[in-house]
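Below you'll find the structure, written out as structure tokens, and then a few comments.
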Amino acid sequence: MAVEGGMKCVKFLLYVLLLAFCACAVGLIAVGIGVQLVLNQTITQGATPGSLLPVVIIAVGAFLFLVALVGCCGTCKENYCLMVTFAIFLSLIMLVEVAAAIAGYVFRDKVKSEFNKDFQKQMQNYQKNNNTASLLDRMQEDFKCCGAANYTDWEKILVAPKRVPDSCCVNVTQNCGVNFNVKEIYNEGCVEKIGSWLRSNVLVAAAAALGIAFVEVLGIVFACCLVKSIRSGYEVM
């Protein structure tokens with residue numbers, strides 16, 4: 001039995017929300033892949049809170065996409081079981097997102113400490129591994145920083161007075177890091193500089209998360225309304 005009256009409007013709005021869910025799912029997967037690429041370039045691999053974050057984001061995105069497909073099928077066929085499944089799974093996704101947000105807040109200092117430790121470890125391999133040297137040079141140039149805490153960190157690594165990698169120079173030229181002038185190199189450390197960059201993007205991520213959560217709440221409400229209408233139709237029959 002097809003829904004009637006106001007439920008037709010609810011059904012239409014649910015279709016719109018399902019399209020939004022698909023877009024959010026694709027967005028989450030893209031963000032997760034982006035975060036993974038950034039972590040691959042900044043933090044050594046391992047089962048740590050920081051390295052597991054992109055895995056959780058990608059998994060939630062993929063699951064949300066599958067749930068949206070279930071919702072589309074349930075809405076199109078006005079199937080009671082599919083709509084109940086959709087509402088339950090969407091509620092579970094919200095719980096996972098809330099748990100991930102809490103975990104991100106709790107482990108925020110842990111991630112920074114982990115990054116600081118790994119950055120210093122990679123600095124030790126600067127002269128031993130060309131890939132590591134290329135990675136650190138790119139980070140210092142991109143974020144306009146030098147060393148972990150500041151440029152003096154390189155004194156223990158390069159074992160030479162007044163010498164830093166050329167990537168620390170404001171204007172990079174060959175051997176510009178030898179007998180450098182402090183005014184001609186970046187003085188701020190990469191750990192704090194990258195940390196500031198991450199904090200500046202947290203507000204954007206938080207706003208996006210709130211938007212997704214709001215859409216999910218609407219989806220759950222509309223799904224429950226449609227489930228109630230479908231159930232009423234079954235009882236009439």
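Quick note on naming: the chains in the structure tokens go A, B, ... in the order shown, residues restart at 1 in each chain, and ligands are numbered from 1 in order of appearance.
For A:Asn125, the list of residues within 12 Å, based on only C-alpha atoms and with local chain neighbours fewer than 5 positions off taken out, reads A:Asp118, A:Phe119, A:Gln120, A:Asn130, A:Asn131, A:Thr132, A:Ala133, A:Ser134, A:Leu135, A:Leu136, A:Trp154, A:Ile157, A:Leu158.
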Check your understanding: Could you work out how far atom CA of A:Asn79 lies from atom CA of A:Ala59, giving the answer in Å with one decimal?
Key -> 26.3 Å
**Study point:** Length of the atom CA of A:Asn171 to atom CA of A:Lys193 vector [Å]
**Key:** 18.5 Å
Review point. So which residues touch stretch 7-14 of chain A within 7 Å, counting only C-alpha atoms, skipping near sequence neighbours fewer than 6 positions away, as a ChimeraX atom specification?
Key: /A:75,219,222,226
**Study point:** Contact residues around A:Thr85 with only C-alpha atoms at 10 Å, ignoring same-chain residues under 3 positions, as a PyMOL selection string
**Key:** chain A and resi 67+70-71+74+80-82+88-91+223
Go ahead and save the picked residues with C-alpha atoms, as a PDB file, in the first residue's frame.
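See result_30.pdb below for the written result:
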ATOM      1  CA  VAL A  67      23.321   2.389   4.171  1.00  0.00           C
ATOM      2  CA  VAL A  70      19.557   0.387   1.574  1.00  0.00           C
ATOM      3  CA  GLY A  71      17.556   3.532   2.314  1.00  0.00           C
ATOM      4  CA  GLY A  74      13.494   0.788   1.196  1.00  0.00           C
ATOM      5  CA  TYR A  80       9.170  -1.875   6.270  1.00  0.00           C
ATOM      6  CA  CYS A  81      12.185  -4.103   7.039  1.00  0.00           C
ATOM      7  CA  LEU A  82      14.574  -2.146   4.827  1.00  0.00           C
ATOM      8  CA  ILE A  88      19.132   1.458  12.847  1.00  0.00           C
ATOM      9  CA  PHE A  89      22.314   1.544  10.753  1.00  0.00           C
ATOM     10  CA  LEU A  90      22.148   5.322  10.390  1.00  0.00           C
ATOM     11  CA  SER A  91      21.878   5.611  14.183  1.00  0.00           C
ATOM     12  CA  ALA A 223      12.776   7.207   8.103  1.00  0.00           C
TER      13      ALA A 223
END
**Study point:** Selected residue, from A:Lys121, A:Lys162, A:Arg231, A:Lys110, that lies nearest to A:Phe180 when counting only C-alpha atoms
**Key:**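 Between A:Lys121, A:Lys162, A:Arg231, A:Lys110, the residue approaching A:Phe180 most closely is A:Lys162.
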Point to revise | Distance query A:Ala25 at most 12 Å, only C-alpha atoms, self and fewer than 3 positions along chain excluded, as a ChimeraX atom specification | key: /A:18-22,28-32,57-69,93,209,212,216
Taking N, CA, C and O atoms for each residue, export the selection above as an mmCIF file, in the first residue's frame.
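Below is the file that was written, result_6.cif:
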data_model
loop_
_atom_site.group_PDB
_atom_site.id
_atom_site.type_symbol
_atom_site.label_atom_id
_atom_site.label_comp_id
_atom_site.auth_asym_id
_atom_site.auth_seq_id
_atom_site.Cartn_x
_atom_site.Cartn_y
_atom_site.Cartn_z
ATOM 1 N N LEU A 18 18.878 11.180 1.068
ATOM 2 C CA LEU A 18 19.674 10.023 0.653
ATOM 3 C C LEU A 18 20.736 10.427 -0.360
ATOM 4 O O LEU A 18 21.854 9.912 -0.340
ATOM 5 N N LEU A 19 20.396 11.362 -1.241
ATOM 6 C CA LEU A 19 21.398 11.895 -2.167
ATOM 7 C C LEU A 19 22.493 12.631 -1.399
ATOM 8 O O LEU A 19 23.678 12.530 -1.729
ATOM 9 N N ALA A 20 22.068 13.359 -0.365
ATOM 10 C CA ALA A 20 23.044 14.065 0.477
ATOM 11 C C ALA A 20 23.943 13.066 1.203
ATOM 12 O O ALA A 20 25.152 13.293 1.348
ATOM 13 N N PHE A 21 23.364 11.942 1.651
ATOM 14 C CA PHE A 21 24.155 10.906 2.321
ATOM 15 C C PHE A 21 25.221 10.348 1.382
ATOM 16 O O PHE A 21 26.362 10.123 1.788
ATOM 17 N N CYS A 22 24.823 10.107 0.128
ATOM 18 C CA CYS A 22 25.778 9.587 -0.850
ATOM 19 C C CYS A 22 26.925 10.576 -1.048
ATOM 20 O O CYS A 22 28.097 10.187 -1.116
ATOM 21 N N LEU A 28 33.544 11.761 2.792
ATOM 22 C CA LEU A 28 34.275 11.135 3.894
ATOM 23 C C LEU A 28 35.394 10.234 3.380
ATOM 24 O O LEU A 28 36.505 10.231 3.921
ATOM 25 N N ILE A 29 35.090 9.468 2.333
ATOM 26 C CA ILE A 29 36.103 8.586 1.761
ATOM 27 C C ILE A 29 37.270 9.414 1.207
ATOM 28 O O ILE A 29 38.442 9.080 1.415
ATOM 29 N N ALA A 30 36.941 10.516 0.519
ATOM 30 C CA ALA A 30 37.985 11.382 -0.031
ATOM 31 C C ALA A 30 38.830 12.003 1.081
ATOM 32 O O ALA A 30 40.061 12.062 0.991
ATOM 33 N N VAL A 31 38.155 12.461 2.165
ATOM 34 C CA VAL A 31 38.879 13.043 3.301
ATOM 35 C C VAL A 31 39.778 11.997 3.952
ATOM 36 O O VAL A 31 40.929 12.272 4.301
ATOM 37 N N GLY A 32 39.241 10.783 4.125
ATOM 38 C CA GLY A 32 40.027 9.708 4.731
ATOM 39 C C GLY A 32 41.273 9.388 3.927
ATOM 40 O O GLY A 32 42.366 9.212 4.487
ATOM 41 N N ILE A 57 37.625 6.883 9.187
ATOM 42 C CA ILE A 57 36.889 7.807 8.318
ATOM 43 C C ILE A 57 36.466 7.124 7.028
ATOM 44 O O ILE A 57 35.313 7.241 6.589
ATOM 45 N N ILE A 58 37.394 6.377 6.405
ATOM 46 C CA ILE A 58 37.075 5.681 5.154
ATOM 47 C C ILE A 58 36.019 4.606 5.384
ATOM 48 O O ILE A 58 35.081 4.455 4.585
ATOM 49 N N ALA A 59 36.142 3.875 6.501
ATOM 50 C CA ALA A 59 35.178 2.815 6.806
ATOM 51 C C ALA A 59 33.779 3.395 7.027
ATOM 52 O O ALA A 59 32.777 2.848 6.533
ATOM 53 N N VAL A 60 33.700 4.514 7.763
ATOM 54 C CA VAL A 60 32.401 5.157 7.994
ATOM 55 C C VAL A 60 31.803 5.655 6.681
ATOM 56 O O VAL A 60 30.597 5.507 6.427
ATOM 57 N N GLY A 61 32.642 6.220 5.814
ATOM 58 C CA GLY A 61 32.166 6.701 4.518
ATOM 59 C C GLY A 61 31.609 5.577 3.658
ATOM 60 O O GLY A 61 30.533 5.709 3.059
ATOM 61 N N ALA A 62 32.343 4.453 3.606
ATOM 62 C CA ALA A 62 31.890 3.312 2.805
ATOM 63 C C ALA A 62 30.592 2.734 3.374
ATOM 64 O O ALA A 62 29.666 2.395 2.627
ATOM 65 N N PHE A 63 30.529 2.635 4.711
ATOM 66 C CA PHE A 63 29.332 2.086 5.347
ATOM 67 C C PHE A 63 28.131 3.013 5.126
ATOM 68 O O PHE A 63 27.005 2.549 4.886
ATOM 69 N N LEU A 64 28.371 4.317 5.211
ATOM 70 C CA LEU A 64 27.294 5.282 4.987
ATOM 71 C C LEU A 64 26.754 5.169 3.564
ATOM 72 O O LEU A 64 25.538 5.282 3.340
ATOM 73 N N PHE A 65 27.636 4.931 2.599
ATOM 74 C CA PHE A 65 27.199 4.775 1.216
ATOM 75 C C PHE A 65 26.304 3.545 1.062
ATOM 76 O O PHE A 65 25.261 3.598 0.395
ATOM 77 N N LEU A 66 26.705 2.442 1.692
ATOM 78 C CA LEU A 66 25.900 1.214 1.631
ATOM 79 C C LEU A 66 24.547 1.413 2.316
ATOM 80 O O LEU A 66 23.508 0.961 1.820
ATOM 81 N N VAL A 67 24.568 2.112 3.454
ATOM 82 C CA VAL A 67 23.321 2.389 4.171
ATOM 83 C C VAL A 67 22.399 3.258 3.319
ATOM 84 O O VAL A 67 21.183 3.065 3.295
ATOM 85 N N ALA A 68 22.982 4.231 2.606
ATOM 86 C CA ALA A 68 22.176 5.091 1.724
ATOM 87 C C ALA A 68 21.505 4.262 0.630
ATOM 88 O O ALA A 68 20.348 4.511 0.274
ATOM 89 N N LEU A 69 22.222 3.272 0.102
ATOM 90 C CA LEU A 69 21.634 2.393 -0.911
ATOM 91 C C LEU A 69 20.471 1.592 -0.335
ATOM 92 O O LEU A 69 19.433 1.421 -0.993
ATOM 93 N N ILE A 93 25.879 4.682 12.754
ATOM 94 C CA ILE A 93 26.894 5.549 12.144
ATOM 95 C C ILE A 93 27.072 6.818 12.974
ATOM 96 O O ILE A 93 28.192 7.280 13.208
ATOM 97 N N ALA A 209 31.320 18.176 10.117
ATOM 98 C CA ALA A 209 30.793 17.067 10.915
ATOM 99 C C ALA A 209 29.420 17.395 11.478
ATOM 100 O O ALA A 209 28.512 16.551 11.491
ATOM 101 N N ILE A 212 26.877 17.118 8.653
ATOM 102 C CA ILE A 212 26.570 15.720 8.357
ATOM 103 C C ILE A 212 25.666 15.128 9.438
ATOM 104 O O ILE A 212 24.701 14.417 9.142
ATOM 105 N N GLU A 216 21.940 13.540 9.107
ATOM 106 C CA GLU A 216 21.670 12.179 9.575
ATOM 107 C C GLU A 216 20.490 12.148 10.540
ATOM 108 O O GLU A 216 19.663 11.221 10.494
#
Check your understanding: Using only C-alpha atoms, which of the listed residues (A:Ser232, A:Asn187, A:Ser196, A:Ser167) sits closest to A:Lys112?
Key -> A:Ser196
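The interatomic distance for the pair atom CA of A:Met139 and atom CA of A:Cys168 works out to 9.8 Å.
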Practice item. May I ask which of the residues A:Val164, A:Cys76, A:Cys224, A:Val217 is the closest one to A:Leu95, counting only C-alpha atoms? Key: A:Val217
